[in-house]
file work.pdb (PDB, C-alpha atoms and all ligand atoms)
ATOM      1  CA  MET Y 272     -21.104 -23.080  28.459
ATOM      2  CA  THR Y 273     -24.177 -24.895  27.298
ATOM      3  CA  GLY Y 274     -26.293 -25.012  24.168
ATOM      4  CA  VAL Y 275     -25.246 -24.783  20.552
ATOM      5  CA  GLY Y 276     -21.551 -24.297  21.294
ATOM      6  CA  GLN Y 277     -21.340 -27.843  22.608
ATOM      7  CA  ALA Y 278     -22.764 -29.501  19.497
ATOM      8  CA  GLY Y 279     -19.433 -29.916  17.734
ATOM      9  CA  ARG Y 280     -18.128 -31.963  20.654
ATOM     10  CA  ILE Y 281     -20.781 -34.661  20.355
ATOM     11  CA  VAL Y 282     -20.671 -37.951  18.473
ATOM     12  CA  ALA Y 283     -23.913 -39.955  18.624
ATOM     13  CA  VAL Y 284     -24.008 -43.729  18.189
ATOM     14  CA  ASP Y 285     -27.097 -45.873  17.627
ATOM     15  CA  LEU Y 286     -26.041 -49.460  18.321
ATOM     16  CA  GLY Y 287     -28.620 -51.901  16.987
ATOM     17  CA  GLY Y 288     -28.712 -55.609  16.288
ATOM     18  CA  THR Y 289     -28.566 -54.886  12.541
ATOM     19  CA  TRP Y 290     -26.725 -51.562  12.119
ATOM     20  CA  VAL Y 291     -24.250 -49.407  13.976
ATOM     21  CA  ARG Y 292     -25.055 -45.808  13.011
ATOM     22  CA  VAL Y 293     -22.827 -42.913  13.992
ATOM     23  CA  ALA Y 294     -23.152 -39.140  13.467
ATOM     24  CA  SER Y 295     -21.418 -35.860  14.202
ATOM     25  CA  PHE Y 296     -23.302 -32.563  14.421
ATOM     26  CA  GLN Y 297     -23.431 -28.975  13.184
ATOM     27  CA  PRO Y 298     -23.454 -26.156  15.740
ATOM     28  CA  ASP Y 299     -27.263 -25.974  15.392
ATOM     29  CA  GLY Y 300     -27.607 -29.650  16.363
ATOM     30  CA  THR Y 301     -28.396 -30.994  12.899
ATOM     31  CA  ILE Y 302     -26.425 -33.982  11.649
ATOM     32  CA  ARG Y 303     -23.167 -33.047   9.911
ATOM     33  CA  GLU Y 304     -21.563 -36.365   8.991
ATOM     34  CA  ARG Y 305     -22.985 -39.844   9.274
ATOM     35  CA  ALA Y 306     -21.595 -43.341   8.823
ATOM     36  CA  ARG Y 307     -22.912 -46.815   9.385
ATOM     37  CA  ALA Y 308     -21.889 -50.459   9.185
ATOM     38  CA  ALA Y 309     -23.672 -53.796   9.578
ATOM     39  CA  THR Y 310     -23.280 -54.785  13.243
ATOM     40  CA  LEU Y 311     -20.708 -57.568  13.681
ATOM     41  CA  ARG Y 312     -23.047 -59.150  16.205
ATOM     42  CA  GLU Y 313     -21.652 -62.658  15.918
ATOM     43  CA  ALA Y 314     -18.090 -61.421  16.439
ATOM     44  CA  GLY Y 315     -18.698 -60.251  20.013
ATOM     45  CA  PRO Y 316     -18.345 -57.010  21.957
ATOM     46  CA  GLU Y 317     -14.697 -56.268  21.152
ATOM     47  CA  ALA Y 318     -15.336 -56.342  17.404
ATOM     48  CA  VAL Y 319     -18.379 -54.089  17.786
ATOM     49  CA  VAL Y 320     -16.444 -51.652  19.996
ATOM     50  CA  ALA Y 321     -13.823 -51.483  17.234
ATOM     51  CA  GLN Y 322     -16.617 -50.746  14.726
ATOM     52  CA  ILE Y 323     -18.060 -47.975  16.895
ATOM     53  CA  CYS Y 324     -14.645 -46.366  17.325
ATOM     54  CA  SER Y 325     -13.737 -46.622  13.661
ATOM     55  CA  LEU Y 326     -17.048 -45.015  12.607
ATOM     56  CA  ALA Y 327     -16.632 -42.302  15.265
ATOM     57  CA  ARG Y 328     -13.199 -41.447  13.864
ATOM     58  CA  GLU Y 329     -14.714 -41.362  10.397
ATOM     59  CA  VAL Y 330     -17.420 -38.798  11.274
ATOM     60  CA  VAL Y 331     -15.012 -36.476  13.118
ATOM     61  CA  SER Y 332     -12.419 -36.927  10.359
ATOM     62  CA  ALA Y 333      -9.762 -37.945  12.860
ATOM     63  CA  ASP Y 334      -6.709 -39.367  11.088
ATOM     64  CA  SER Y 335      -5.051 -40.245  14.357
ATOM     65  CA  TRP Y 336      -5.785 -43.097  16.739
ATOM     66  CA  SER Y 337      -7.736 -40.861  19.118
ATOM     67  CA  VAL Y 338     -10.565 -38.418  18.537
ATOM     68  CA  PRO Y 339     -10.249 -35.008  20.261
ATOM     69  CA  GLU Y 340     -10.078 -35.363  24.039
ATOM     70  CA  GLU Y 341     -13.002 -32.958  24.576
ATOM     71  CA  MET Y 342     -15.309 -35.141  22.469
ATOM     72  CA  VAL Y 343     -18.301 -36.876  24.092
ATOM     73  CA  VAL Y 344     -19.513 -40.111  22.518
ATOM     74  CA  ALA Y 345     -23.124 -40.954  23.474
ATOM     75  CA  ILE Y 346     -24.355 -44.463  22.648
ATOM     76  CA  ALA Y 347     -27.932 -45.781  22.522
ATOM     77  CA  VAL Y 348     -27.755 -49.514  23.254
ATOM     78  CA  PRO Y 349     -30.395 -52.186  22.590
ATOM     79  CA  GLY Y 350     -30.901 -53.532  26.092
ATOM     80  CA  PRO Y 351     -30.752 -52.830  29.820
ATOM     81  CA  VAL Y 352     -27.790 -50.829  31.078
ATOM     82  CA  ASP Y 353     -26.344 -49.510  34.256
ATOM     83  CA  PRO Y 354     -25.861 -45.951  32.958
ATOM     84  CA  VAL Y 355     -23.793 -44.946  35.996
ATOM     85  CA  ALA Y 356     -21.300 -47.809  35.640
ATOM     86  CA  GLY Y 357     -21.597 -47.742  31.834
ATOM     87  CA  VAL Y 358     -22.209 -51.485  31.689
ATOM     88  CA  MET Y 359     -24.567 -53.283  29.291
ATOM     89  CA  ASP Y 360     -26.443 -56.137  30.905
ATOM     90  CA  GLY Y 361     -27.395 -58.306  27.966
ATOM     91  CA  ALA Y 362     -29.327 -57.371  24.838
ATOM     92  CA  PRO Y 363     -31.858 -59.611  23.076
ATOM     93  CA  ASN Y 364     -30.487 -58.532  19.677
ATOM     94  CA  LEU Y 365     -26.839 -59.048  20.656
ATOM     95  CA  PRO Y 366     -26.508 -62.640  21.849
ATOM     96  CA  GLY Y 367     -23.777 -63.260  24.382
ATOM     97  CA  TRP Y 368     -23.477 -59.653  25.575
ATOM     98  CA  ARG Y 369     -23.529 -60.075  29.347
ATOM     99  CA  MET Y 370     -22.127 -57.386  31.630
ATOM    100  CA  VAL Y 371     -20.116 -55.660  28.902
ATOM    101  CA  PRO Y 372     -18.348 -52.507  30.202
ATOM    102  CA  LEU Y 373     -19.072 -50.691  26.947
ATOM    103  CA  ARG Y 374     -18.350 -47.202  28.246
ATOM    104  CA  ALA Y 375     -14.909 -48.143  29.589
ATOM    105  CA  LEU Y 376     -14.021 -50.036  26.402
ATOM    106  CA  VAL Y 377     -14.930 -47.086  24.155
ATOM    107  CA  GLU Y 378     -13.233 -44.559  26.453
ATOM    108  CA  ALA Y 379     -10.043 -46.644  26.502
ATOM    109  CA  GLU Y 380      -9.948 -46.926  22.735
ATOM    110  CA  LEU Y 381     -10.979 -43.380  21.772
ATOM    111  CA  GLY Y 382      -9.452 -41.471  24.686
ATOM    112  CA  CYS Y 383     -12.548 -39.342  25.247
ATOM    113  CA  ARG Y 384     -15.669 -39.423  27.395
ATOM    114  CA  CYS Y 385     -18.480 -41.872  26.653
ATOM    115  CA  LEU Y 386     -22.097 -42.163  27.835
ATOM    116  CA  ILE Y 387     -24.402 -45.112  27.286
ATOM    117  CA  ASP Y 388     -28.121 -45.534  27.864
ATOM    118  CA  HIS Y 389     -30.985 -47.823  26.908
ATOM    119  CA  ASP Y 390     -32.262 -47.168  23.390
ATOM    120  CA  ALA Y 391     -35.887 -46.716  24.524
ATOM    121  CA  SER Y 392     -34.817 -44.025  27.014
ATOM    122  CA  VAL Y 393     -32.643 -42.366  24.387
ATOM    123  CA  ALA Y 394     -35.541 -42.461  21.904
ATOM    124  CA  ALA Y 395     -37.857 -40.886  24.495
ATOM    125  CA  LEU Y 396     -35.362 -38.072  25.020
ATOM    126  CA  GLY Y 397     -35.056 -37.511  21.261
ATOM    127  CA  GLU Y 398     -38.822 -37.490  20.714
ATOM    128  CA  HIS Y 399     -39.288 -35.199  23.719
ATOM    129  CA  ARG Y 400     -36.775 -32.587  22.537
ATOM    130  CA  ARG Y 401     -37.217 -32.835  18.783
ATOM    131  CA  GLY Y 402     -40.220 -34.956  17.859
ATOM    132  CA  ALA Y 403     -43.672 -35.998  19.001
ATOM    133  CA  GLY Y 404     -43.183 -35.001  22.658
ATOM    134  CA  ARG Y 405     -42.002 -31.400  22.194
ATOM    135  CA  GLY Y 406     -43.321 -29.031  24.851
ATOM    136  CA  MET Y 407     -44.772 -31.766  27.056
ATOM    137  CA  ALA Y 408     -43.677 -32.146  30.670
ATOM    138  CA  ASP Y 409     -44.746 -35.754  31.212
ATOM    139  CA  PHE Y 410     -44.205 -37.926  28.183
ATOM    140  CA  VAL Y 411     -43.799 -41.634  27.468
ATOM    141  CA  TYR Y 412     -42.303 -43.239  24.391
ATOM    142  CA  VAL Y 413     -43.301 -46.838  23.656
ATOM    143  CA  THR Y 414     -41.580 -48.930  21.014
ATOM    144  CA  VAL Y 415     -43.168 -52.089  19.639
ATOM    145  CA  SER Y 416     -40.838 -53.950  17.300
ATOM    146  CA  THR Y 417     -38.957 -57.223  17.866
ATOM    147  CA  GLY Y 418     -39.236 -56.278  21.556
ATOM    148  CA  ILE Y 419     -41.309 -53.807  23.578
ATOM    149  CA  GLY Y 420     -39.821 -51.044  25.688
ATOM    150  CA  ALA Y 421     -40.596 -47.599  27.043
ATOM    151  CA  GLY Y 422     -38.763 -44.402  27.869
ATOM    152  CA  LEU Y 423     -40.141 -42.101  30.547
ATOM    153  CA  ILE Y 424     -39.860 -38.321  30.743
ATOM    154  CA  PHE Y 425     -41.151 -36.744  33.937
ATOM    155  CA  GLY Y 426     -41.023 -33.000  34.498
ATOM    156  CA  GLY Y 427     -39.088 -32.655  31.251
ATOM    157  CA  ARG Y 428     -36.305 -34.969  32.414
ATOM    158  CA  LEU Y 429     -35.453 -38.558  31.616
ATOM    159  CA  TYR Y 430     -36.519 -40.876  34.428
ATOM    160  CA  ARG Y 431     -34.144 -43.825  34.893
ATOM    161  CA  GLY Y 432     -35.399 -45.237  38.199
ATOM    162  CA  GLY Y 433     -33.454 -46.146  41.316
ATOM    163  CA  SER Y 434     -30.761 -48.181  39.563
ATOM    164  CA  GLY Y 435     -31.150 -47.028  35.974
ATOM    165  CA  ARG Y 436     -33.408 -49.811  34.792
ATOM    166  CA  ALA Y 437     -36.825 -48.126  34.509
ATOM    167  CA  GLY Y 438     -38.878 -48.482  31.348
ATOM    168  CA  GLU Y 439     -39.071 -52.272  30.926
ATOM    169  CA  PHE Y 440     -42.690 -52.032  29.876
ATOM    170  CA  GLY Y 441     -42.344 -55.181  27.754
ATOM    171  CA  HIS Y 442     -41.653 -57.311  30.799
ATOM    172  CA  MET Y 443     -44.829 -56.563  32.717
ATOM    173  CA  VAL Y 444     -46.595 -59.909  33.077
ATOM    174  CA  VAL Y 445     -49.993 -59.605  31.396
ATOM    175  CA  VAL Y 446     -50.954 -63.286  30.949
ATOM    176  CA  GLU Y 447     -50.598 -65.684  33.863
ATOM    177  CA  ASP Y 448     -48.648 -68.768  32.689
ATOM    178  CA  GLY Y 449     -48.550 -67.211  29.223
ATOM    179  CA  PRO Y 450     -45.933 -67.692  26.480
ATOM    180  CA  LEU Y 451     -42.294 -67.964  27.592
ATOM    181  CA  CYS Y 452     -40.376 -64.679  27.316
ATOM    182  CA  HIS Y 453     -36.647 -64.531  26.520
ATOM    183  CA  CYS Y 454     -36.177 -62.903  29.954
ATOM    184  CA  GLY Y 455     -37.126 -66.247  31.515
ATOM    185  CA  ASN Y 456     -40.557 -65.212  32.759
ATOM    186  CA  ARG Y 457     -43.910 -66.235  31.288
ATOM    187  CA  GLY Y 458     -46.660 -64.047  29.904
ATOM    188  CA  CYS Y 459     -44.665 -60.811  29.563
ATOM    189  CA  LEU Y 460     -46.264 -58.201  27.287
ATOM    190  CA  GLU Y 461     -43.280 -58.668  24.979
ATOM    191  CA  ALA Y 462     -44.060 -62.407  24.711
ATOM    192  CA  VAL Y 463     -47.612 -61.552  23.629
ATOM    193  CA  SER Y 464     -47.589 -58.311  21.600
ATOM    194  CA  SER Y 465     -44.101 -57.838  20.121
ATOM    195  CA  GLY Y 466     -43.342 -58.478  16.467
ATOM    196  CA  THR Y 467     -41.458 -61.618  17.475
ATOM    197  CA  ALA Y 468     -44.461 -62.884  19.466
ATOM    198  CA  ILE Y 469     -46.911 -62.071  16.658
ATOM    199  CA  ALA Y 470     -44.811 -63.981  14.103
ATOM    200  CA  LEU Y 471     -44.459 -66.955  16.462
ATOM    201  CA  ALA Y 472     -48.180 -67.084  17.292
ATOM    202  CA  ALA Y 473     -49.126 -66.988  13.591
ATOM    203  CA  GLY Y 474     -46.418 -69.433  12.467
ATOM    204  CA  ALA Y 475     -45.039 -66.766  10.098
ATOM    205  CA  PRO Y 476     -41.457 -65.644   9.439
ATOM    206  CA  SER Y 477     -42.167 -62.049  10.532
ATOM    207  CA  ALA Y 478     -44.859 -59.742  11.914
ATOM    208  CA  ALA Y 479     -44.867 -57.931   8.555
ATOM    209  CA  GLU Y 480     -45.852 -61.217   6.893
ATOM    210  CA  VAL Y 481     -48.672 -61.648   9.451
ATOM    211  CA  SER Y 482     -49.893 -58.134   8.535
ATOM    212  CA  ARG Y 483     -49.800 -59.025   4.829
ATOM    213  CA  ARG Y 484     -51.782 -62.203   5.465
ATOM    214  CA  ALA Y 485     -54.319 -60.308   7.575
ATOM    215  CA  ALA Y 486     -54.726 -57.659   4.864
ATOM    216  CA  ALA Y 487     -55.333 -60.465   2.339
ATOM    217  CA  GLY Y 488     -58.206 -61.765   4.486
ATOM    218  CA  ASP Y 489     -56.466 -64.554   6.448
ATOM    219  CA  GLN Y 490     -58.672 -64.881   9.533
ATOM    220  CA  ALA Y 491     -56.067 -66.632  11.713
ATOM    221  CA  ALA Y 492     -53.580 -63.808  11.066
ATOM    222  CA  GLN Y 493     -56.263 -61.210  11.834
ATOM    223  CA  GLU Y 494     -57.016 -62.920  15.160
ATOM    224  CA  VAL Y 495     -53.347 -63.045  16.197
ATOM    225  CA  LEU Y 496     -52.948 -59.327  15.454
ATOM    226  CA  ALA Y 497     -56.193 -58.427  17.232
ATOM    227  CA  ALA Y 498     -55.147 -60.334  20.371
ATOM    228  CA  ALA Y 499     -51.701 -58.701  20.362
ATOM    229  CA  ALA Y 500     -53.171 -55.212  19.848
ATOM    230  CA  ARG Y 501     -55.682 -55.731  22.648
ATOM    231  CA  GLN Y 502     -53.099 -56.846  25.227
ATOM    232  CA  LEU Y 503     -50.868 -53.945  24.236
ATOM    233  CA  GLY Y 504     -53.731 -51.455  24.524
ATOM    234  CA  LEU Y 505     -54.817 -52.733  27.940
ATOM    235  CA  ALA Y 506     -51.231 -52.445  29.202
ATOM    236  CA  VAL Y 507     -50.945 -48.911  27.782
ATOM    237  CA  GLY Y 508     -54.214 -48.104  29.568
ATOM    238  CA  GLY Y 509     -52.534 -49.222  32.788
ATOM    239  CA  LEU Y 510     -49.565 -46.941  32.049
ATOM    240  CA  ILE Y 511     -51.954 -44.035  31.562
ATOM    241  CA  ASN Y 512     -53.703 -44.724  34.873
ATOM    242  CA  LEU Y 513     -50.378 -45.093  36.663
ATOM    243  CA  LEU Y 514     -48.539 -42.089  35.225
ATOM    244  CA  ASN Y 515     -51.169 -39.637  33.909
ATOM    245  CA  PRO Y 516     -48.852 -38.561  31.057
ATOM    246  CA  ASP Y 517     -49.536 -35.648  28.689
ATOM    247  CA  ALA Y 518     -48.818 -37.903  25.717
ATOM    248  CA  ILE Y 519     -47.537 -41.298  24.663
ATOM    249  CA  ALA Y 520     -45.734 -41.613  21.334
ATOM    250  CA  PHE Y 521     -45.435 -44.998  19.666
ATOM    251  CA  GLY Y 522     -42.673 -46.203  17.388
ATOM    252  CA  GLY Y 523     -41.416 -49.488  15.989
ATOM    253  CA  GLY Y 524     -42.279 -51.620  13.016
ATOM    254  CA  VAL Y 525     -45.374 -53.355  14.421
ATOM    255  CA  LEU Y 526     -47.361 -50.115  14.775
ATOM    256  CA  ALA Y 527     -46.047 -48.783  11.470
ATOM    257  CA  ALA Y 528     -47.361 -51.813   9.586
ATOM    258  CA  GLY Y 529     -50.803 -50.272   9.052
ATOM    259  CA  GLY Y 530     -54.047 -52.199   9.006
ATOM    260  CA  HIS Y 531     -56.316 -52.241  12.041
ATOM    261  CA  PHE Y 532     -53.596 -52.765  14.665
ATOM    262  CA  TRP Y 533     -53.463 -49.115  15.763
ATOM    263  CA  ASP Y 534     -57.264 -48.756  15.997
ATOM    264  CA  GLN Y 535     -57.582 -52.019  17.917
ATOM    265  CA  MET Y 536     -54.884 -50.911  20.336
ATOM    266  CA  VAL Y 537     -56.536 -47.504  20.859
ATOM    267  CA  ALA Y 538     -59.892 -49.180  21.582
ATOM    268  CA  ALA Y 539     -58.263 -51.348  24.255
ATOM    269  CA  VAL Y 540     -56.481 -48.296  25.747
ATOM    270  CA  ALA Y 541     -59.903 -46.749  26.347
ATOM    271  CA  GLU Y 542     -61.078 -49.965  27.952
ATOM    272  CA  GLY Y 543     -58.026 -50.168  30.232
ATOM    273  CA  SER Y 544     -57.871 -46.580  31.522
ATOM    274  CA  PHE Y 545     -59.959 -43.966  33.336
ATOM    275  CA  ALA Y 546     -61.828 -41.794  30.846
ATOM    276  CA  ALA Y 547     -60.592 -38.443  32.166
ATOM    277  CA  THR Y 548     -56.942 -39.567  32.381
ATOM    278  CA  ARG Y 549     -57.199 -41.063  28.908
ATOM    279  CA  ALA Y 550     -58.815 -37.910  27.516
ATOM    280  CA  HIS Y 551     -55.834 -35.860  28.743
ATOM    281  CA  CYS Y 552     -53.265 -38.177  27.130
ATOM    282  CA  LYS Y 553     -52.521 -37.723  23.435
ATOM    283  CA  LEU Y 554     -51.682 -40.964  21.603
ATOM    284  CA  LEU Y 555     -49.153 -40.042  18.923
ATOM    285  CA  ARG Y 556     -46.866 -41.612  16.364
ATOM    286  CA  SER Y 557     -43.122 -41.103  16.761
ATOM    287  CA  GLN Y 558     -41.703 -38.465  14.409
ATOM    288  CA  LEU Y 559     -37.954 -38.951  14.187
ATOM    289  CA  GLY Y 560     -37.785 -41.998  11.912
ATOM    290  CA  GLU Y 561     -34.499 -43.814  11.561
ATOM    291  CA  ASP Y 562     -32.481 -40.901  13.002
ATOM    292  CA  GLN Y 563     -34.331 -41.251  16.328
ATOM    293  CA  GLY Y 564     -31.475 -43.049  18.103
ATOM    294  CA  LEU Y 565     -28.828 -40.622  16.813
ATOM    295  CA  LEU Y 566     -30.819 -37.501  17.699
ATOM    296  CA  GLY Y 567     -31.729 -38.944  21.100
ATOM    297  CA  ALA Y 568     -28.092 -39.796  21.841
ATOM    298  CA  TYR Y 569     -27.161 -36.236  20.869
ATOM    299  CA  GLU Y 570     -29.713 -34.921  23.392
ATOM    300  CA  LEU Y 571     -28.345 -37.312  26.039
ATOM    301  CA  ALA Y 572     -24.886 -35.816  25.561
ATOM    302  CA  GLN Y 573     -26.276 -32.254  25.534
ATOM    303  CA  ASP Y 574     -27.975 -32.899  28.898
ATOM    304  CA  GLU Y 575     -24.771 -34.325  30.327
ATOM    305  CA  LEU Y 576     -22.676 -31.396  29.094
ATOM    306  CA  ALA Y 577     -25.239 -28.914  30.441
ATOM    307  CA  GLU Y 578     -25.237 -30.627  33.840
ATOM    308  CA  GLY Y 579     -21.444 -30.726  33.905
ATOM    309  CA  ALA Y 580     -21.338 -27.002  33.148
ATOM    310  CA  ALA Y 581     -23.971 -26.314  35.840
ATOM    311  CA  SER Y 582     -22.001 -28.244  38.473
ATOM    312  CA  VAL Y 583     -18.836 -26.330  37.573
ATOM    313  CA  LEU Y 584     -20.734 -23.053  38.031
ATOM    314  CA  LEU Y 585     -22.091 -24.238  41.385
ATOM    315  CA  ALA Y 586     -18.696 -25.421  42.653
TER
HETATM  316 ZN    ZN Y 601     -39.993 -60.849  29.786
END

call {"tool": "encode", "arguments": {"input": "work.pdb", "output": "C-alpha cells", "more": "lines below"}}
Ligand SMILES: [Zn+2]
result
Amino acid sequence: MTGVGQAGRIVAVDLGGTWVRVASFQPDGTIRERARAATLREAGPEAVVAQICSLAREVVSADSWSVPEEMVVAIAVPGPVDPVAGVMDGAPNLPGWRMVPLRALVEAELGCRCLIDHDASVAALGEHRRGAGRGMADFVYVTVSTGIGAGLIFGGRLYRGGSGRAGEFGHMVVVEDGPLCHCGNRGCLEAVSSGTAIALAAGAPSAAEVSRRAAAGDQAAQEVLAAAARQLGLAVGGLINLLNPDAIAFGGGVLAAGGHFWDQMVAAVAEGSFAATRAHCKLLRSQLGEDQGLLGAYELAQDELAEGAASVLLA
C-alpha cells in the first residue's frame, strides 16, 4: 500500500536553529495544516522535543496525549545524524546538542514512528521529487547559508554513505592552514565560502550586509565575495568531476542574495571541472523555497513507507 493513500499518515518537521516548522498533508501530498514556533534553542533538546510534539499534535488535531499510532513523523535536522540509530551528533545552529537520541525521544512522547535525517539530504530528496531535480537520476543539492552542505541522489535514491554521514561538502579542506572551522579543522570550504565566513572576513554583521556593501561599490566587500564565490565554484567543479551528476541545484541565502556571486561561482565551476562533464551538468536554483524541508521530510517518510510495504510483500 504505497503512494497517495499513505499521505495522511505523515507529519513532516523542519527543525532549524530559528524555527520549528511542522506540517500534515492532503492525500495528494500537498500541505494540509502547518504550524511553527521559534526554536527554543537555548532551552536544550528536551524543550525542543516538547515543541516538536506539541506542533505535531496541533497539525493532526489530536486532543489526546498521543497522535495516531500509525502516524510517521519525519524530521529534517540541522546537522549530522546517524539515521539508523536516530541520533543527532551535534548541530552548529543548536549549541550543546551532542548525541541526542531525537528519534527515541519523539517516539516515546508521541507513541508513533519517527525518522530523522540531515536537512541537506532531506532538501535534496524534496528537490529531486518535487523541485529542481525532477526526472534526473543523478542529482546533487548544495546549500550555502550559515553553513555549507550537500545532499546526494544517485540512481534516483538518496545516498547516505557507509554510516549515514555523506554530504559534508562544507568540510572539504580547500585552503591549507586556512581559517578555523567550527568542526575543529582549518580551511574547510564552510570556513571560506559560507555566509558566516563571508561576514567574518568582511568584518560585517551578516553576509547580506556584505552584499549590500558590495552593491554600493565597497571594494573590500566585493573582494571578499569574489574570493568566497571562487572557492565555492572550484569545489563544485571538483564535485562535478567526481560524480558526473545530471544537475546540481543550489539553495541558501548566500546564493539568493543576487549581485555577481552566482556568475563568479559559475565561472570558477568551469575552471575546476572537465568541459564535457560540466556541459552535461545543469546548474540550477532550488525551487521549493521555505517549504523545502517540510516537503523533503514528507518524501523521506513516503520512501520509508514504500520500502516497508515492499518488504512486507517480499516476506
Ligand atoms: Zn569544517

call {"tool": "residues_around", "arguments": {"input": "work.pdb", "residues": "Ala479 in chain Y", "least_positions_apart": "4", "cutoff": "10 Å", "atoms": "only C-alpha atoms", "output": "list in words"}}
result
Gly466, Ile469, Ala470, Ala475, Arg483, Arg484, Ala485, Gly524, Val525, Ala527, Ala528 and Gly529 of chain Y

call {"tool": "resolve_selection", "arguments": {"input": "work.pdb", "expression": "the PyMOL selection byres (((chain Y and resi 282) around 10) and not hetatm)", "output": "PyMOL selection string"}}
result
chain Y and resi 278-281+283-284+293-296+302+304-305+326-328+330-331+342-346+385+565+568-569+572

call {"tool": "resolve_selection", "arguments": {"input": "work.pdb", "expression": "the PyMOL selection byres (((chain Y and resi 363-378) around 9) and not hetatm)", "output": "PDB file with C-alpha atoms, keeping the file's coordinate frame"}}
result
ATOM      1  CA  GLY Y 287     -28.620 -51.901  16.987  1.00  0.00           C
ATOM      2  CA  GLY Y 288     -28.712 -55.609  16.288  1.00  0.00           C
ATOM      3  CA  THR Y 289     -28.566 -54.886  12.541  1.00  0.00           C
ATOM      4  CA  ARG Y 312     -23.047 -59.150  16.205  1.00  0.00           C
ATOM      5  CA  GLU Y 313     -21.652 -62.658  15.918  1.00  0.00           C
ATOM      6  CA  GLY Y 315     -18.698 -60.251  20.013  1.00  0.00           C
ATOM      7  CA  PRO Y 316     -18.345 -57.010  21.957  1.00  0.00           C
ATOM      8  CA  GLU Y 317     -14.697 -56.268  21.152  1.00  0.00           C
ATOM      9  CA  VAL Y 320     -16.444 -51.652  19.996  1.00  0.00           C
ATOM     10  CA  ALA Y 321     -13.823 -51.483  17.234  1.00  0.00           C
ATOM     11  CA  ILE Y 323     -18.060 -47.975  16.895  1.00  0.00           C
ATOM     12  CA  CYS Y 324     -14.645 -46.366  17.325  1.00  0.00           C
ATOM     13  CA  VAL Y 344     -19.513 -40.111  22.518  1.00  0.00           C
ATOM     14  CA  ILE Y 346     -24.355 -44.463  22.648  1.00  0.00           C
ATOM     15  CA  PRO Y 349     -30.395 -52.186  22.590  1.00  0.00           C
ATOM     16  CA  GLY Y 350     -30.901 -53.532  26.092  1.00  0.00           C
ATOM     17  CA  VAL Y 352     -27.790 -50.829  31.078  1.00  0.00           C
ATOM     18  CA  PRO Y 354     -25.861 -45.951  32.958  1.00  0.00           C
ATOM     19  CA  ALA Y 356     -21.300 -47.809  35.640  1.00  0.00           C
ATOM     20  CA  GLY Y 357     -21.597 -47.742  31.834  1.00  0.00           C
ATOM     21  CA  VAL Y 358     -22.209 -51.485  31.689  1.00  0.00           C
ATOM     22  CA  MET Y 359     -24.567 -53.283  29.291  1.00  0.00           C
ATOM     23  CA  ASP Y 360     -26.443 -56.137  30.905  1.00  0.00           C
ATOM     24  CA  GLY Y 361     -27.395 -58.306  27.966  1.00  0.00           C
ATOM     25  CA  ALA Y 362     -29.327 -57.371  24.838  1.00  0.00           C
ATOM     26  CA  ALA Y 379     -10.043 -46.644  26.502  1.00  0.00           C
ATOM     27  CA  GLU Y 380      -9.948 -46.926  22.735  1.00  0.00           C
ATOM     28  CA  LEU Y 381     -10.979 -43.380  21.772  1.00  0.00           C
ATOM     29  CA  GLY Y 382      -9.452 -41.471  24.686  1.00  0.00           C
ATOM     30  CA  CYS Y 383     -12.548 -39.342  25.247  1.00  0.00           C
ATOM     31  CA  ARG Y 384     -15.669 -39.423  27.395  1.00  0.00           C
ATOM     32  CA  CYS Y 385     -18.480 -41.872  26.653  1.00  0.00           C
ATOM     33  CA  LEU Y 386     -22.097 -42.163  27.835  1.00  0.00           C
ATOM     34  CA  ILE Y 387     -24.402 -45.112  27.286  1.00  0.00           C
ATOM     35  CA  THR Y 417     -38.957 -57.223  17.866  1.00  0.00           C
ATOM     36  CA  GLY Y 418     -39.236 -56.278  21.556  1.00  0.00           C
ATOM     37  CA  HIS Y 453     -36.647 -64.531  26.520  1.00  0.00           C
ATOM     38  CA  CYS Y 454     -36.177 -62.903  29.954  1.00  0.00           C
TER      39      CYS Y 454
END

call {"tool": "closest_residue", "arguments": {"input": "work.pdb", "among": "Y:Gly406, Y:Pro351, Y:Gly523, Y:Gly441", "to": "ligand ZN 601 (chain Y)", "atoms": "only C-alpha atoms and all ligand atoms"}}
result
Y:Gly441

call {"tool": "residues_near_ligand", "arguments": {"input": "work.pdb", "ligand": "ligand ZN 601 (chain Y)", "cutoff": "7 Å", "atoms": "all atoms listed in the file", "output": "VMD selection string"}}
result
chain Y and resid 441 to 442 452 to 457 459 461 to 462

call {"tool": "resolve_selection", "arguments": {"input": "work.pdb", "expression": "the PyMOL selection byres (((chain Y and resi 544) around 8) and not hetatm)", "output": "number ranges by chain"}}
result
Y: 505, 508-509, 511-512, 540-543, 545-546, 548-549

call {"tool": "closest_residue", "arguments": {"input": "work.pdb", "among": "Y:Leu503, Y:Asp562, Y:Ala403, Y:Val413", "to": "Arg307 in chain Y", "atoms": "only C-alpha atoms"}}
result
Y:Asp562

call {"tool": "closest_residue", "arguments": {"input": "work.pdb", "among": "Y:Ala314, Y:Asp517, Y:Glu340, Y:Gly504", "to": "Ala408 in chain Y", "atoms": "only C-alpha atoms"}}
result
Y:Asp517

call {"tool": "axis_aligned_box", "arguments": {"input": "work.pdb", "around": "range 363-373 of chain Y", "padding_each_side": "4 Å", "output": "JSON"}}
result
{"center_x": -25.1, "center_y": -57.0, "center_z": 25.7, "size_x": 21.5, "size_y": 20.6, "size_z": 20.0}

call {"tool": "atom_distance", "arguments": {"input": "work.pdb", "atom1": "CA of Met407 in chain Y", "atom2": "CA of Leu514 in chain Y"}}
result
13.7 Å

call {"tool": "closest_residue", "arguments": {"input": "work.pdb", "among": "Y:Met536, Y:Val338, Y:Pro516, Y:Ile419", "to": "Ala498 in chain Y", "atoms": "only C-alpha atoms"}}
result
Y:Met536
